[in-house]
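Quick notes on the structure that follows.
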Amino acid sequence: MKQVPLLSVKGLSVEFPGLPLQAVRRVSFDVHENECMGLVGESGSGKTVTALAILGLLDPSARITSGEIFFAGEDLRTLPETRRQKIRGHQLAMVFQEPLTAFNPVLSVGEQLSEPLLYHRGLSPWEARQEVLSLLEAVHMPRPRQVFQAFPHQLSGGMRQKAMIAMALSCKPKLLIADEPTSALDVTVQAEILSLLASLRRQFDLSVLFISHDLGIVSRHCSRVAVLRQGEIVEQGKTQTVFSKPRHPYTRALLEAVLR
Amino acid sequence: MALLEVRNLCKSFRDSGKAVHAVNGVSFSLEAGTALGLVGESGSGKSTLARLVLRLLEPDAGSIRFNGTNLLDLDFHGMRAQRRWLQIVFQDPFSALNPRMPVHQLLSEPLLNFGLIQSGEARAKASELLALVGLDDSGLFRFPHEFSGGQRQRLCIARALSLQPRLLVLDEPTSGLDVSVQAQLLSLLQRLQKQFGLSYLFISHDLRVVKAVCGQALVLKDGRVVEAGSTRQLFSRPSQAYTRQLVEASKALSLAKF
């Protein structure tokens, strides 16, 4: 029996004014519960636009020309903004590629991680602090108490990415959208963050939409994959099938580019 | 004789009163026409080492023999004459290109600067350089922001090669790029090396990238060389724990076998 997917994107098209081509064209895919689904493609293929459309964070000038985005049975596109914001805080979270620009540089890490807890979960500042410290421990942050006081620029790239993951997890989301979460990091730190994400996925019963241009990483972490090219999905299916018997020449080209 | 011979190079910086030994007694030699990799994590001293070799930073101690001359003995003018033969490509092609210069000017500036061409020849030379890195003439009058990251890095490579240097230092040239663009750039670098008999000092945190271009590599940690050897051997039989860690990490990112 087929279960209802947690996230279901159907025929999504997004266009930007002044650009002749749609950034995303009739894109459809599902993310099931406890699944890690990969969305792969090169820069400019529409991966990030798709993610932002799901979260309702597209630039105001962008226009969704068609499609539906069902999350746990509700169409996010037709929901009132207040309901949408609730879902975005509680059930949907995002980890961005560049943690330095995703953080506010003038607030301490602790203040920023506390924010969603105060706002969405109504905790007191003291409770929020305890919760943030335990989240920092959950992401294996070294010296969590010092990190709580620190400002984002004082952390290394890997520590910032851990802090962002902790923030994303703070409201116990069902779905995490990870947009190139390790692209800016050294290989050793990448490997560490990826294995952390894998264990958190089990620990928090998370589903993940994993966006990446690196098919090597996707081959090890995603059970299913969709390949985007110039805004269109050229191929999707089980990672094993798609990667061992790619049907589209573009998928083949991407696979050949992975370093051995 | 080696093209580049570095002996016991040291450089420390002060961080709130405390000395940090960024490069701590590093020695290596690079034969003409070969590519040597420098592998290590952020903070291992790779980029400092690259800058020391070009004297963009002054070392505290040690010697850098390039083509038989100790670069550290040279005065400003002597060093300037050598720079023609030593060029660098930086990691971030966005900040390495002047945003207000059109491409033909960017590419011909080094040649004009060294008085190797007349200004009338500049355009033709720039177009030749573009072709060399797989870009066409339509780019000549465009500005850096009109190019993608991979194309910009090609522009940086073209500019570095304009003087026909003997040694090219590449500091994480592909780190900010998509995997597919990275693969194209690496094969471009391989082709150029063969074509011109270039020598590369190639810096990366990813042993796989280094292996694609370099026969030999040094593994750097906390400013010291912890292991050196052929890239094949470092990858298949690392002898140091740190090298093993780097190899394991890159394996965890490689394509799974189905």
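Residue names in the structure tokens use chain letters A, B, ... in the order shown, residue numbers from 1 in each chain, and ligand numbers from 1 in the order shown.
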**Prompt:** Could you list, as a ChimeraX atom specification, every residue of chain B that has an atom within 9 Å of an atom of chain A, counting only C-alpha atoms?
**Reply:** /B:40-42,175-184,205-209,211-212,245-258
For N, CA and C atoms, I'd like the residues from the last selection saved as a JSON list (two decimals), in the first residue's frame.
[["chain", "number", "residue", "atom", "x", "y", "z"],
["B", 40, "GLY", "N", 45.65, 19.63, 2.74],
["B", 40, "GLY", "CA", 45.46, 19.83, 4.17],
["B", 40, "GLY", "C", 44.15, 20.56, 4.40],
["B", 41, "GLU", "N", 43.74, 20.61, 5.66],
["B", 41, "GLU", "CA", 42.48, 21.27, 5.98],
["B", 41, "GLU", "C", 42.66, 22.78, 6.09],
["B", 42, "SER", "N", 41.55, 23.49, 6.27],
["B", 42, "SER", "CA", 41.62, 24.92, 6.56],
["B", 42, "SER", "C", 42.52, 25.11, 7.77],
["B", 175, "SER", "N", 37.47, 24.99, -5.69],
["B", 175, "SER", "CA", 36.68, 24.71, -4.50],
["B", 175, "SER", "C", 35.30, 25.34, -4.49],
["B", 176, "GLY", "N", 35.15, 26.51, -5.13],
["B", 176, "GLY", "CA", 33.85, 27.16, -5.07],
["B", 176, "GLY", "C", 32.90, 26.71, -6.17],
["B", 177, "LEU", "N", 33.26, 25.68, -6.90],
["B", 177, "LEU", "CA", 32.52, 25.35, -8.12],
["B", 177, "LEU", "C", 31.74, 24.05, -8.01],
["B", 178, "ASP", "N", 30.74, 23.94, -8.85],
["B", 178, "ASP", "CA", 29.99, 22.69, -8.97],
["B", 178, "ASP", "C", 30.91, 21.54, -9.37],
["B", 179, "VAL", "N", 30.53, 20.33, -8.98],
["B", 179, "VAL", "CA", 31.34, 19.17, -9.31],
["B", 179, "VAL", "C", 31.58, 19.05, -10.81],
["B", 180, "SER", "N", 30.55, 19.30, -11.61],
["B", 180, "SER", "CA", 30.70, 19.13, -13.05],
["B", 180, "SER", "C", 31.63, 20.19, -13.64],
["B", 181, "VAL", "N", 31.53, 21.42, -13.12],
["B", 181, "VAL", "CA", 32.40, 22.50, -13.60],
["B", 181, "VAL", "C", 33.83, 22.22, -13.14],
["B", 182, "GLN", "N", 33.95, 21.69, -11.94],
["B", 182, "GLN", "CA", 35.25, 21.33, -11.40],
["B", 182, "GLN", "C", 35.94, 20.32, -12.30],
["B", 183, "ALA", "N", 35.19, 19.31, -12.74],
["B", 183, "ALA", "CA", 35.76, 18.27, -13.60],
["B", 183, "ALA", "C", 36.27, 18.87, -14.91],
["B", 184, "GLN", "N", 35.51, 19.81, -15.46],
["B", 184, "GLN", "CA", 35.94, 20.45, -16.72],
["B", 184, "GLN", "C", 37.22, 21.26, -16.51],
["B", 205, "HIS", "N", 42.04, 21.04, -0.37],
["B", 205, "HIS", "CA", 41.72, 20.28, 0.83],
["B", 205, "HIS", "C", 41.26, 18.88, 0.45],
["B", 206, "ASP", "N", 41.08, 18.65, -0.85],
["B", 206, "ASP", "CA", 40.50, 17.40, -1.32],
["B", 206, "ASP", "C", 41.55, 16.58, -2.07],
["B", 207, "LEU", "N", 41.92, 15.48, -1.46],
["B", 207, "LEU", "CA", 42.95, 14.62, -2.04],
["B", 207, "LEU", "C", 42.53, 14.11, -3.42],
["B", 208, "ARG", "N", 41.23, 13.97, -3.64],
["B", 208, "ARG", "CA", 40.76, 13.48, -4.95],
["B", 208, "ARG", "C", 41.08, 14.49, -6.06],
["B", 209, "VAL", "N", 40.91, 15.78, -5.73],
["B", 209, "VAL", "CA", 41.19, 16.83, -6.71],
["B", 209, "VAL", "C", 42.68, 16.84, -7.03],
["B", 211, "LYS", "N", 44.76, 14.39, -6.70],
["B", 211, "LYS", "CA", 45.13, 13.17, -7.42],
["B", 211, "LYS", "C", 44.84, 13.28, -8.92],
["B", 212, "ALA", "N", 43.79, 14.05, -9.25],
["B", 212, "ALA", "CA", 43.42, 14.18, -10.66],
["B", 212, "ALA", "C", 44.49, 14.92, -11.46],
["B", 245, "GLN", "N", 42.80, 9.88, 7.64],
["B", 245, "GLN", "CA", 41.56, 10.62, 7.93],
["B", 245, "GLN", "C", 41.07, 11.38, 6.68],
["B", 246, "LEU", "N", 42.03, 12.00, 5.99],
["B", 246, "LEU", "CA", 41.67, 12.73, 4.76],
["B", 246, "LEU", "C", 41.14, 11.78, 3.69],
["B", 247, "VAL", "N", 41.79, 10.62, 3.58],
["B", 247, "VAL", "CA", 41.38, 9.64, 2.57],
["B", 247, "VAL", "C", 39.99, 9.10, 2.90],
["B", 248, "GLU", "N", 39.78, 8.78, 4.19],
["B", 248, "GLU", "CA", 38.47, 8.26, 4.61],
["B", 248, "GLU", "C", 37.37, 9.27, 4.30],
["B", 249, "ALA", "N", 37.65, 10.55, 4.60],
["B", 249, "ALA", "CA", 36.65, 11.58, 4.37],
["B", 249, "ALA", "C", 36.31, 11.67, 2.89],
["B", 250, "SER", "N", 37.33, 11.62, 2.03],
["B", 250, "SER", "CA", 36.99, 11.77, 0.62],
["B", 250, "SER", "C", 36.30, 10.52, 0.08],
["B", 251, "LYS", "N", 36.62, 9.37, 0.69],
["B", 251, "LYS", "CA", 35.89, 8.16, 0.26],
["B", 251, "LYS", "C", 34.42, 8.25, 0.64],
["B", 252, "ALA", "N", 34.16, 8.85, 1.81],
["B", 252, "ALA", "CA", 32.77, 8.97, 2.27],
["B", 252, "ALA", "C", 31.96, 9.91, 1.39],
["B", 253, "LEU", "N", 32.65, 10.67, 0.53],
["B", 253, "LEU", "CA", 31.95, 11.60, -0.35],
["B", 253, "LEU", "C", 31.92, 11.10, -1.79],
["B", 254, "SER", "N", 32.58, 9.97, -2.04],
["B", 254, "SER", "CA", 32.65, 9.47, -3.41],
["B", 254, "SER", "C", 31.41, 8.67, -3.75],
["B", 255, "LEU", "N", 31.25, 8.42, -5.03],
["B", 255, "LEU", "CA", 30.08, 7.70, -5.51],
["B", 255, "LEU", "C", 30.00, 6.31, -4.88],
["B", 256, "ALA", "N", 28.83, 5.97, -4.35],
["B", 256, "ALA", "CA", 28.63, 4.65, -3.78],
["B", 256, "ALA", "C", 28.62, 3.61, -4.90],
["B", 257, "LYS", "N", 29.07, 2.41, -4.58],
["B", 257, "LYS", "CA", 29.00, 1.34, -5.59],
["B", 257, "LYS", "C", 27.69, 0.60, -5.41],
["B", 258, "PHE", "N", 26.93, 0.57, -6.46],
["B", 258, "PHE", "CA", 25.64, -0.14, -6.36],
["B", 258, "PHE", "C", 25.73, -1.51, -7.00]]
**alpha helix (DSSP H) residues, from DSSP on the backbone, in region 64-196 of chain B, as a ChimeraX atom specification** = /B:76-83,103-113,122-132,149-161,179-196
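For Arg224 (chain B), the set of protein, DNA and RNA residues having any atom at most 12 Å away, when counting only C-alpha atoms and skipping those fewer than 3 positions along the same chain, is Asn8, Leu9, Cys10, Lys11, His21, Ala22, Val23, Asn24, Gly25, Val26, Ser27, Phe28, Leu38, Val39, Gly40, Gly43, Ser44, Gly45, Lys46, Thr48, Leu49, Leu218, Val219, Leu220, Lys221, Glu227, Ala228 and Tyr242 of chain B.
Look at Pro105 (chain A): the protein and nucleic acid residues within 9 Å of it, using only C-alpha atoms and passing over chain neighbours fewer than 6 places away, are Phe151, Pro152 and His153 of chain A.
Look at Gly197 (chain B): the protein and nucleic acid residues within 10 Å of it, using only C-alpha atoms and passing over chain neighbours fewer than 4 places away, are B:Ala32, B:Gly33, B:Thr34, B:Arg166, B:Leu167, B:Arg191, B:Leu192, B:Gln193.
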Deliver the residues from the most recent selection as a file, using C-alpha atoms, as a PDB file, in the first residue's frame.
ATOM      1  CA  ALA B  32      60.143  21.234 -13.939  1.00  0.00           C
ATOM      2  CA  GLY B  33      57.127  20.034 -15.883  1.00  0.00           C
ATOM      3  CA  THR B  34      55.513  18.227 -12.941  1.00  0.00           C
ATOM      4  CA  ARG B 166      57.154  28.317 -15.708  1.00  0.00           C
ATOM      5  CA  LEU B 167      55.409  27.760 -12.406  1.00  0.00           C
ATOM      6  CA  ARG B 191      45.684  19.754 -21.007  1.00  0.00           C
ATOM      7  CA  LEU B 192      47.475  23.073 -20.422  1.00  0.00           C
ATOM      8  CA  GLN B 193      50.167  21.392 -18.391  1.00  0.00           C
TER       9      GLN B 193
END
